Amino acid sequence: MKLASESKRALVGEIQARMEARKLVTTQFAQSCGVDQSQISRVLAGDFKGVSHNVMQICIHLGIDPMRFFVPSREDEFAKKRIMESALAVWDGTPEDADLLVSVLGGMAAMRSARPK
């Protein structure tokens, strides 16, 4: 998900403030949250487009909800509606099939994070 530039600045500011409050430096924070130090430095510099796996990991470890920085556009809402309608169209209504669909989507996320950049 992409962030508007002002939302990105606000998120970076929140990350920096939380790290400063905990007196964390990038090297020790990288070890604790499992994100490479270079990626943390890029995020702190605002060098990212949206909430990637790395940004999400950073936010989780600092107790930040990145979703509060999003202002959904009409395109985002339309895409979200299409995804929900498609998922519901293939779901057979059982909890087992719901688990299967969630697993498939989780597999997609894992494939994305494993892609070379």
# chains A, B, ... in the order shown; residues from 1 in each chain; ligands from 1
call {"tool": "residues_around", "arguments": {"residues": "Leu24 in chain A", "least_positions_apart": "6", "cutoff": "12 Å", "atoms": "only C-alpha atoms", "output": "number ranges by chain"}}
result
A: 15-18, 30-33, 40, 61-62
call {"tool": "residues_around", "arguments": {"residues": "range 73-87 of chain A", "least_positions_apart": "5", "cutoff": "10 Å", "atoms": "only C-alpha atoms", "output": "mmCIF file with C-alpha atoms, in the first residue's frame"}}
result
data_model
loop_
_atom_site.group_PDB
_atom_site.id
_atom_site.type_symbol
_atom_site.label_atom_id
_atom_site.label_comp_id
_atom_site.auth_asym_id
_atom_site.auth_seq_id
_atom_site.Cartn_x
_atom_site.Cartn_y
_atom_site.Cartn_z
ATOM 1 C CA MET A 1 0.000 0.000 0.000
ATOM 2 C CA LYS A 2 1.337 3.354 -0.985
ATOM 3 C CA ASP A 92 -17.413 -22.194 -0.605
ATOM 4 C CA ALA A 98 -11.662 -19.794 4.461
ATOM 5 C CA LEU A 101 -7.924 -18.892 1.024
ATOM 6 C CA VAL A 102 -6.068 -17.203 3.860
#
call {"tool": "select_by_dssp", "arguments": {"residues": "chain A", "states": "helix (DSSP H, G or I)", "output": "short mmCIF file (atom, residue, chain, number, x, y, z; two decimals) with N, CA, C and O atoms, in the first residue's frame"}}
result
data_model
loop_
_atom_site.label_atom_id
_atom_site.label_comp_id
_atom_site.auth_asym_id
_atom_site.auth_seq_id
_atom_site.Cartn_x
_atom_site.Cartn_y
_atom_site.Cartn_z
N SER A 5 2.80 11.50 0.48
CA SER A 5 4.07 12.00 1.01
C SER A 5 3.93 12.58 2.42
O SER A 5 4.78 12.35 3.27
N GLU A 6 2.85 13.30 2.70
CA GLU A 6 2.70 13.85 4.05
C GLU A 6 2.44 12.75 5.08
O GLU A 6 2.90 12.82 6.21
N SER A 7 1.73 11.70 4.66
CA SER A 7 1.50 10.57 5.57
C SER A 7 2.80 9.82 5.83
O SER A 7 3.05 9.38 6.95
N LYS A 8 3.62 9.70 4.79
CA LYS A 8 4.90 9.03 4.95
C LYS A 8 5.79 9.80 5.93
O LYS A 8 6.41 9.22 6.81
N ARG A 9 5.82 11.13 5.78
CA ARG A 9 6.61 11.95 6.71
C ARG A 9 6.13 11.78 8.15
O ARG A 9 6.93 11.68 9.08
N ALA A 10 4.81 11.71 8.32
CA ALA A 10 4.26 11.53 9.67
C ALA A 10 4.65 10.17 10.24
O ALA A 10 5.00 10.06 11.42
N LEU A 11 4.58 9.13 9.42
CA LEU A 11 4.96 7.79 9.87
C LEU A 11 6.44 7.75 10.23
O LEU A 11 6.82 7.22 11.28
N VAL A 12 7.30 8.31 9.39
CA VAL A 12 8.74 8.35 9.68
C VAL A 12 8.99 9.10 10.98
O VAL A 12 9.78 8.67 11.83
N GLY A 13 8.29 10.21 11.18
CA GLY A 13 8.43 10.97 12.42
C GLY A 13 8.05 10.16 13.64
O GLY A 13 8.72 10.21 14.68
N GLU A 14 6.97 9.39 13.51
CA GLU A 14 6.53 8.53 14.62
C GLU A 14 7.57 7.44 14.90
O GLU A 14 7.89 7.16 16.05
N ILE A 15 8.11 6.84 13.85
CA ILE A 15 9.15 5.81 14.03
C ILE A 15 10.37 6.41 14.73
O ILE A 15 10.89 5.85 15.69
N GLN A 16 10.81 7.57 14.24
CA GLN A 16 11.98 8.22 14.85
C GLN A 16 11.73 8.56 16.31
O GLN A 16 12.59 8.33 17.17
N ALA A 17 10.55 9.10 16.60
CA ALA A 17 10.23 9.48 17.98
C ALA A 17 10.23 8.27 18.91
O ALA A 17 10.76 8.33 20.04
N ARG A 18 9.65 7.17 18.45
CA ARG A 18 9.60 5.97 19.30
C ARG A 18 11.00 5.38 19.51
O ARG A 18 11.31 4.90 20.59
N MET A 19 11.81 5.41 18.45
CA MET A 19 13.18 4.91 18.60
C MET A 19 13.97 5.78 19.56
O MET A 19 14.71 5.28 20.41
N GLU A 20 13.82 7.10 19.44
CA GLU A 20 14.53 8.02 20.33
C GLU A 20 14.06 7.85 21.78
O GLU A 20 14.87 7.85 22.70
N ALA A 21 12.75 7.67 21.97
CA ALA A 21 12.21 7.50 23.32
C ALA A 21 12.78 6.25 23.99
O ALA A 21 13.00 6.22 25.20
N THR A 26 20.09 2.13 15.22
CA THR A 26 19.66 1.22 14.15
C THR A 26 20.26 -0.17 14.27
O THR A 26 19.59 -1.15 13.96
N THR A 27 21.50 -0.28 14.72
CA THR A 27 22.12 -1.61 14.80
C THR A 27 21.39 -2.51 15.79
O THR A 27 21.06 -3.65 15.47
N GLN A 28 21.13 -2.00 16.98
CA GLN A 28 20.44 -2.85 17.97
C GLN A 28 18.98 -3.06 17.60
O GLN A 28 18.43 -4.14 17.84
N PHE A 29 18.36 -2.05 17.00
CA PHE A 29 16.97 -2.21 16.59
C PHE A 29 16.85 -3.25 15.47
O PHE A 29 15.93 -4.06 15.46
N ALA A 30 17.81 -3.23 14.55
CA ALA A 30 17.82 -4.21 13.45
C ALA A 30 17.86 -5.63 14.00
O ALA A 30 17.13 -6.51 13.53
N GLN A 31 18.69 -5.85 15.00
CA GLN A 31 18.79 -7.19 15.59
C GLN A 31 17.49 -7.60 16.27
O GLN A 31 17.07 -8.74 16.17
N SER A 32 16.85 -6.67 16.95
CA SER A 32 15.64 -7.04 17.69
C SER A 32 14.42 -7.24 16.81
O SER A 32 13.56 -8.05 17.14
N CYS A 33 14.34 -6.53 15.69
CA CYS A 33 13.12 -6.67 14.88
C CYS A 33 13.33 -7.52 13.62
O CYS A 33 12.37 -7.79 12.91
N GLN A 37 19.81 -3.57 8.91
CA GLN A 37 20.11 -2.20 9.32
C GLN A 37 19.98 -1.22 8.16
O GLN A 37 19.50 -0.10 8.32
N SER A 38 20.41 -1.63 6.96
CA SER A 38 20.33 -0.73 5.80
C SER A 38 18.88 -0.40 5.47
O SER A 38 18.57 0.73 5.07
N GLN A 39 17.98 -1.36 5.67
CA GLN A 39 16.56 -1.11 5.41
C GLN A 39 15.97 -0.16 6.45
O GLN A 39 15.15 0.70 6.12
N ILE A 40 16.39 -0.31 7.68
CA ILE A 40 15.91 0.61 8.72
C ILE A 40 16.39 2.02 8.41
O ILE A 40 15.62 2.98 8.50
N SER A 41 17.64 2.15 7.98
CA SER A 41 18.17 3.47 7.62
C SER A 41 17.38 4.08 6.46
O SER A 41 17.10 5.28 6.46
N ARG A 42 17.03 3.25 5.48
CA ARG A 42 16.24 3.74 4.34
C ARG A 42 14.87 4.23 4.80
O ARG A 42 14.39 5.28 4.36
N VAL A 43 14.24 3.47 5.69
CA VAL A 43 12.92 3.87 6.19
C VAL A 43 13.03 5.18 6.96
O VAL A 43 12.23 6.10 6.77
N LEU A 44 14.05 5.29 7.82
CA LEU A 44 14.24 6.51 8.59
C LEU A 44 14.51 7.72 7.70
O LEU A 44 14.20 8.86 8.07
N HIS A 53 6.88 -5.25 3.95
CA HIS A 53 7.09 -6.17 5.07
C HIS A 53 8.05 -5.54 6.09
O HIS A 53 7.81 -5.61 7.30
N ASN A 54 9.13 -4.92 5.60
CA ASN A 54 10.10 -4.31 6.52
C ASN A 54 9.49 -3.17 7.32
O ASN A 54 9.70 -3.07 8.53
N VAL A 55 8.74 -2.31 6.65
CA VAL A 55 8.10 -1.20 7.36
C VAL A 55 7.12 -1.75 8.39
O VAL A 55 7.05 -1.26 9.52
N MET A 56 6.39 -2.78 8.03
CA MET A 56 5.44 -3.39 8.96
C MET A 56 6.16 -3.97 10.17
O MET A 56 5.71 -3.78 11.30
N GLN A 57 7.28 -4.65 9.96
CA GLN A 57 8.05 -5.21 11.07
C GLN A 57 8.53 -4.11 12.01
O GLN A 57 8.47 -4.25 13.23
N ILE A 58 9.02 -3.03 11.43
CA ILE A 58 9.48 -1.90 12.24
C ILE A 58 8.33 -1.36 13.08
O ILE A 58 8.47 -1.14 14.29
N CYS A 59 7.19 -1.17 12.45
CA CYS A 59 6.02 -0.63 13.16
C CYS A 59 5.55 -1.57 14.27
O CYS A 59 5.25 -1.13 15.38
N ILE A 60 5.51 -2.85 13.98
CA ILE A 60 5.07 -3.83 14.98
C ILE A 60 5.98 -3.76 16.21
O ILE A 60 5.50 -3.72 17.34
N HIS A 61 7.28 -3.72 15.99
CA HIS A 61 8.22 -3.71 17.11
C HIS A 61 8.20 -2.41 17.90
O HIS A 61 8.64 -2.37 19.04
N LEU A 62 7.69 -1.35 17.28
CA LEU A 62 7.61 -0.08 18.00
C LEU A 62 6.19 0.22 18.50
O LEU A 62 5.96 1.25 19.12
N PRO A 66 0.45 1.32 11.42
CA PRO A 66 0.69 2.10 10.21
C PRO A 66 -0.58 2.45 9.45
O PRO A 66 -0.60 3.41 8.68
N MET A 67 -1.65 1.72 9.71
CA MET A 67 -2.90 1.99 8.98
C MET A 67 -3.49 3.35 9.33
O MET A 67 -4.23 3.92 8.55
N ARG A 68 -3.15 3.90 10.47
CA ARG A 68 -3.71 5.20 10.82
C ARG A 68 -3.10 6.33 10.00
O ARG A 68 -3.59 7.45 10.03
N PHE A 69 -2.05 6.03 9.23
CA PHE A 69 -1.42 7.04 8.39
C PHE A 69 -1.97 7.03 6.96
O PHE A 69 -1.56 7.82 6.14
N ARG A 74 -10.13 6.80 -3.82
CA ARG A 74 -11.23 6.08 -4.48
C ARG A 74 -10.70 4.82 -5.15
O ARG A 74 -11.36 3.79 -5.14
N GLU A 75 -9.52 4.92 -5.76
CA GLU A 75 -8.92 3.75 -6.40
C GLU A 75 -8.66 2.65 -5.39
O GLU A 75 -8.89 1.48 -5.66
N ASP A 76 -8.16 3.03 -4.20
CA ASP A 76 -7.90 2.05 -3.15
C ASP A 76 -9.20 1.35 -2.73
O ASP A 76 -9.23 0.14 -2.55
N GLU A 77 -10.24 2.14 -2.54
CA GLU A 77 -11.53 1.58 -2.12
C GLU A 77 -12.09 0.65 -3.19
O GLU A 77 -12.64 -0.40 -2.89
N PHE A 78 -11.96 1.05 -4.46
CA PHE A 78 -12.45 0.21 -5.55
C PHE A 78 -11.67 -1.10 -5.62
O PHE A 78 -12.26 -2.18 -5.76
N ALA A 79 -10.33 -1.03 -5.48
CA ALA A 79 -9.50 -2.23 -5.50
C ALA A 79 -9.85 -3.15 -4.33
O ALA A 79 -9.96 -4.37 -4.49
N LYS A 80 -10.05 -2.57 -3.16
CA LYS A 80 -10.41 -3.35 -1.97
C LYS A 80 -11.74 -4.07 -2.19
O LYS A 80 -11.88 -5.25 -1.87
N LYS A 81 -12.69 -3.37 -2.77
CA LYS A 81 -14.00 -3.97 -3.04
C LYS A 81 -13.87 -5.13 -4.03
O LYS A 81 -14.47 -6.19 -3.84
N ARG A 82 -13.06 -4.95 -5.07
CA ARG A 82 -12.85 -6.02 -6.06
C ARG A 82 -12.22 -7.24 -5.42
O ARG A 82 -12.61 -8.38 -5.70
N ILE A 83 -11.24 -7.02 -4.55
CA ILE A 83 -10.57 -8.14 -3.89
C ILE A 83 -11.57 -8.90 -3.01
O ILE A 83 -11.62 -10.14 -3.04
N MET A 84 -12.34 -8.17 -2.22
CA MET A 84 -13.32 -8.83 -1.34
C MET A 84 -14.36 -9.60 -2.14
O MET A 84 -14.69 -10.74 -1.80
N GLU A 85 -14.86 -9.00 -3.21
CA GLU A 85 -15.85 -9.69 -4.04
C GLU A 85 -15.27 -10.94 -4.67
O GLU A 85 -15.94 -11.98 -4.74
N SER A 86 -14.03 -10.86 -5.14
CA SER A 86 -13.38 -12.03 -5.75
C SER A 86 -13.17 -13.14 -4.74
O SER A 86 -13.41 -14.32 -5.03
N ALA A 87 -12.72 -12.78 -3.55
CA ALA A 87 -12.48 -13.79 -2.51
C ALA A 87 -13.80 -14.46 -2.13
O ALA A 87 -13.86 -15.68 -1.98
N LEU A 88 -14.85 -13.67 -1.97
CA LEU A 88 -16.15 -14.24 -1.61
C LEU A 88 -16.72 -15.10 -2.72
O LEU A 88 -17.41 -16.09 -2.46
N ALA A 89 -16.40 -14.76 -3.98
CA ALA A 89 -16.92 -15.54 -5.11
C ALA A 89 -16.31 -16.94 -5.17
O ALA A 89 -16.97 -17.89 -5.59
N VAL A 90 -15.05 -17.09 -4.73
CA VAL A 90 -14.42 -18.41 -4.78
C VAL A 90 -14.55 -19.19 -3.49
O VAL A 90 -14.32 -20.40 -3.46
N PRO A 95 -15.52 -22.94 6.98
CA PRO A 95 -14.32 -22.45 7.67
C PRO A 95 -13.03 -23.03 7.08
O PRO A 95 -12.01 -22.36 7.03
N GLU A 96 -13.10 -24.29 6.63
CA GLU A 96 -11.92 -24.93 6.05
C GLU A 96 -11.48 -24.21 4.77
O GLU A 96 -10.29 -24.01 4.54
N ASP A 97 -12.45 -23.84 3.95
CA ASP A 97 -12.13 -23.14 2.70
C ASP A 97 -11.62 -21.73 3.01
O ASP A 97 -10.74 -21.22 2.31
N ALA A 98 -12.16 -21.11 4.05
CA ALA A 98 -11.66 -19.79 4.46
C ALA A 98 -10.19 -19.91 4.86
O ALA A 98 -9.36 -19.06 4.47
N ASP A 99 -9.84 -20.96 5.62
CA ASP A 99 -8.45 -21.18 6.00
C ASP A 99 -7.56 -21.37 4.77
O ASP A 99 -6.44 -20.86 4.71
N LEU A 100 -8.07 -22.10 3.78
CA LEU A 100 -7.33 -22.32 2.55
C LEU A 100 -7.07 -21.01 1.82
O LEU A 100 -5.95 -20.73 1.39
N LEU A 101 -8.09 -20.19 1.69
CA LEU A 101 -7.92 -18.89 1.02
C LEU A 101 -6.93 -18.01 1.76
O LEU A 101 -6.09 -17.34 1.14
N VAL A 102 -7.01 -17.99 3.06
CA VAL A 102 -6.07 -17.20 3.86
C VAL A 102 -4.64 -17.73 3.64
O VAL A 102 -3.70 -16.94 3.51
N SER A 103 -4.48 -19.04 3.56
CA SER A 103 -3.15 -19.63 3.31
C SER A 103 -2.62 -19.23 1.94
O SER A 103 -1.43 -18.92 1.80
N VAL A 104 -3.49 -19.23 0.95
CA VAL A 104 -3.07 -18.83 -0.40
C VAL A 104 -2.59 -17.38 -0.39
O VAL A 104 -1.53 -17.05 -0.94
N LEU A 105 -3.35 -16.51 0.25
CA LEU A 105 -2.96 -15.10 0.32
C LEU A 105 -1.66 -14.93 1.12
O LEU A 105 -0.81 -14.12 0.75
N GLY A 106 -1.51 -15.69 2.18
CA GLY A 106 -0.27 -15.65 2.94
C GLY A 106 0.91 -16.11 2.11
O GLY A 106 2.02 -15.57 2.21
N GLY A 107 0.69 -17.11 1.27
CA GLY A 107 1.74 -17.58 0.35
C GLY A 107 2.14 -16.51 -0.64
O GLY A 107 3.32 -16.36 -0.97
N MET A 108 1.18 -15.73 -1.10
CA MET A 108 1.49 -14.61 -2.00
C MET A 108 2.38 -13.59 -1.30
O MET A 108 3.33 -13.09 -1.89
N ALA A 109 2.06 -13.30 -0.06
CA ALA A 109 2.86 -12.33 0.70
C ALA A 109 4.29 -12.85 0.88
O ALA A 109 5.26 -12.10 0.74
N ALA A 110 4.43 -14.14 1.16
CA ALA A 110 5.76 -14.73 1.32
C ALA A 110 6.55 -14.68 0.01
O ALA A 110 7.75 -14.39 0.02
N MET A 111 5.87 -14.91 -1.11
CA MET A 111 6.54 -14.85 -2.41
C MET A 111 7.00 -13.44 -2.70
O MET A 111 8.10 -13.23 -3.23
N ARG A 112 6.19 -12.46 -2.37
CA ARG A 112 6.59 -11.07 -2.60
C ARG A 112 7.82 -10.69 -1.80
O ARG A 112 8.71 -10.03 -2.30
N SER A 113 7.85 -11.11 -0.54
CA SER A 113 8.99 -10.72 0.30
C SER A 113 10.25 -11.47 -0.10
O SER A 113 11.35 -11.00 0.19
N ALA A 114 10.12 -12.60 -0.78
CA ALA A 114 11.27 -13.37 -1.20
C ALA A 114 11.81 -12.93 -2.57
O ALA A 114 12.89 -13.35 -2.98
#
call {"tool": "atom_distance", "arguments": {"atom1": "CA of Val25 in chain A", "atom2": "CA of Leu3 in chain A"}}
result
25.0 Å
call {"tool": "atom_distance", "arguments": {"atom1": "CA of Ala4 in chain A", "atom2": "CA of Phe70 in chain A"}}
result
7.7 Å
call {"tool": "atom_distance", "arguments": {"atom1": "CA of Pro116 in chain A", "atom2": "CA of Gly46 in chain A"}}
result
20.8 Å
